[in-house]
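> To start, I am sharing the structure in question, which I have written as C-alpha cells.
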Amino acid sequence: METALSEEDRSRLYAWLREQTDEPLAEYVMSCLTPAPLPDLVTKQHLETVLAAEFSAFALTMTAQREADRKTAAVQREADRTALDRRLRWISVALPIEIVVALSAVVAITEWLRG
C-alpha cells in the first residue's frame with residue numbers, strides 16, 4: 001500500500017531523522033520519499049495520454065499548414081506562369097519589331113554611306 005506524507009509529517013520525520021542520525025543521512029532518506037501525495041504525481045500512462053493528444057493536435061495543425069502552403073504555392077506558381085506568358089507575348093511581338101527597326105537603320109546607314 002502506498003502512502004503519502006503531508007508536509008507537516010515530512011518535517012517531523014526529517015527532524016526525528018536528524019536527531020537519530022546525521023544530517024547527510026537524513027537528507028538522503030528524505031530525498032527517497034515522494035515530495036507530494038502519490039495520487040497527485042503524474043503517471044507514465046497519464047503523460048503518454050497527454051503527449052499523444054498534444055502530438056495529434058500538432059500533427060493536425062501541421063497537416064492543415066502544409067495544405068495551406070500547397071495552395072499558396074499553387075496560386076503563386078499560377079501568377080508566375082501568367083506573368084511569364086505576358087512577358088513572352090510581349091517579347092514575341094516587340095522583338096521582331098525591334099529587329100525590323102534595327103535592320104532598317106542598317107540599310108539606311110549603308111545607303112547613306114554609298115551615296
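Identifiers for the C-alpha cells are assigned positionally: chains receive A, B, ... in sequence, residues are indexed from 1 per chain, and ligands are indexed from 1 in the order shown.
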Applying 7 Å and only C-alpha atoms, which residues near segment 8-15 of chain A remain after dropping the ones on its own chain fewer than 3 positions away? List them as a compact mmCIF listing (two decimals) with N, CA, C and O atoms, in the first residue's frame.


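What follows is the written file out-v1.txt:
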```txt
# COMPACT_ATOMS: atom_id res chain seq x y z
N LEU A 5 3.09 11.40 2.66
CA LEU A 5 3.26 12.19 3.87
C LEU A 5 2.84 13.62 3.61
O LEU A 5 3.12 14.17 2.55
N ARG A 18 17.20 13.58 11.82
CA ARG A 18 18.40 14.35 12.17
C ARG A 18 18.83 14.07 13.60
O ARG A 18 20.03 14.06 13.89
N GLU A 19 17.85 13.84 14.50
CA GLU A 19 18.19 13.52 15.90
C GLU A 19 18.82 12.13 16.00
O GLU A 19 19.73 11.91 16.79
N ALA A 26 19.91 11.96 6.90
CA ALA A 26 18.52 12.44 6.96
C ALA A 26 18.11 13.05 5.61
O ALA A 26 17.01 12.80 5.11
N MET A 30 15.15 11.55 3.15
CA MET A 30 14.06 12.42 2.73
C MET A 30 14.00 12.54 1.20
O MET A 30 12.93 12.64 0.63
```

> By how many Å are atom CA of Arg86 of chain A and atom CA of Ala102 of chain A apart?

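For atom CA of Arg86 of chain A relative to atom CA of Ala102 of chain A, the distance reads 23.7 Å.
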
> Using only C-alpha atoms for the distances, tell me which of A:Leu113, A:Ala52, A:Leu33, A:Ala74 is nearest to Ser6 of chain A.

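Closest to Ser6 of chain A, using only C-alpha atoms: A:Leu33.
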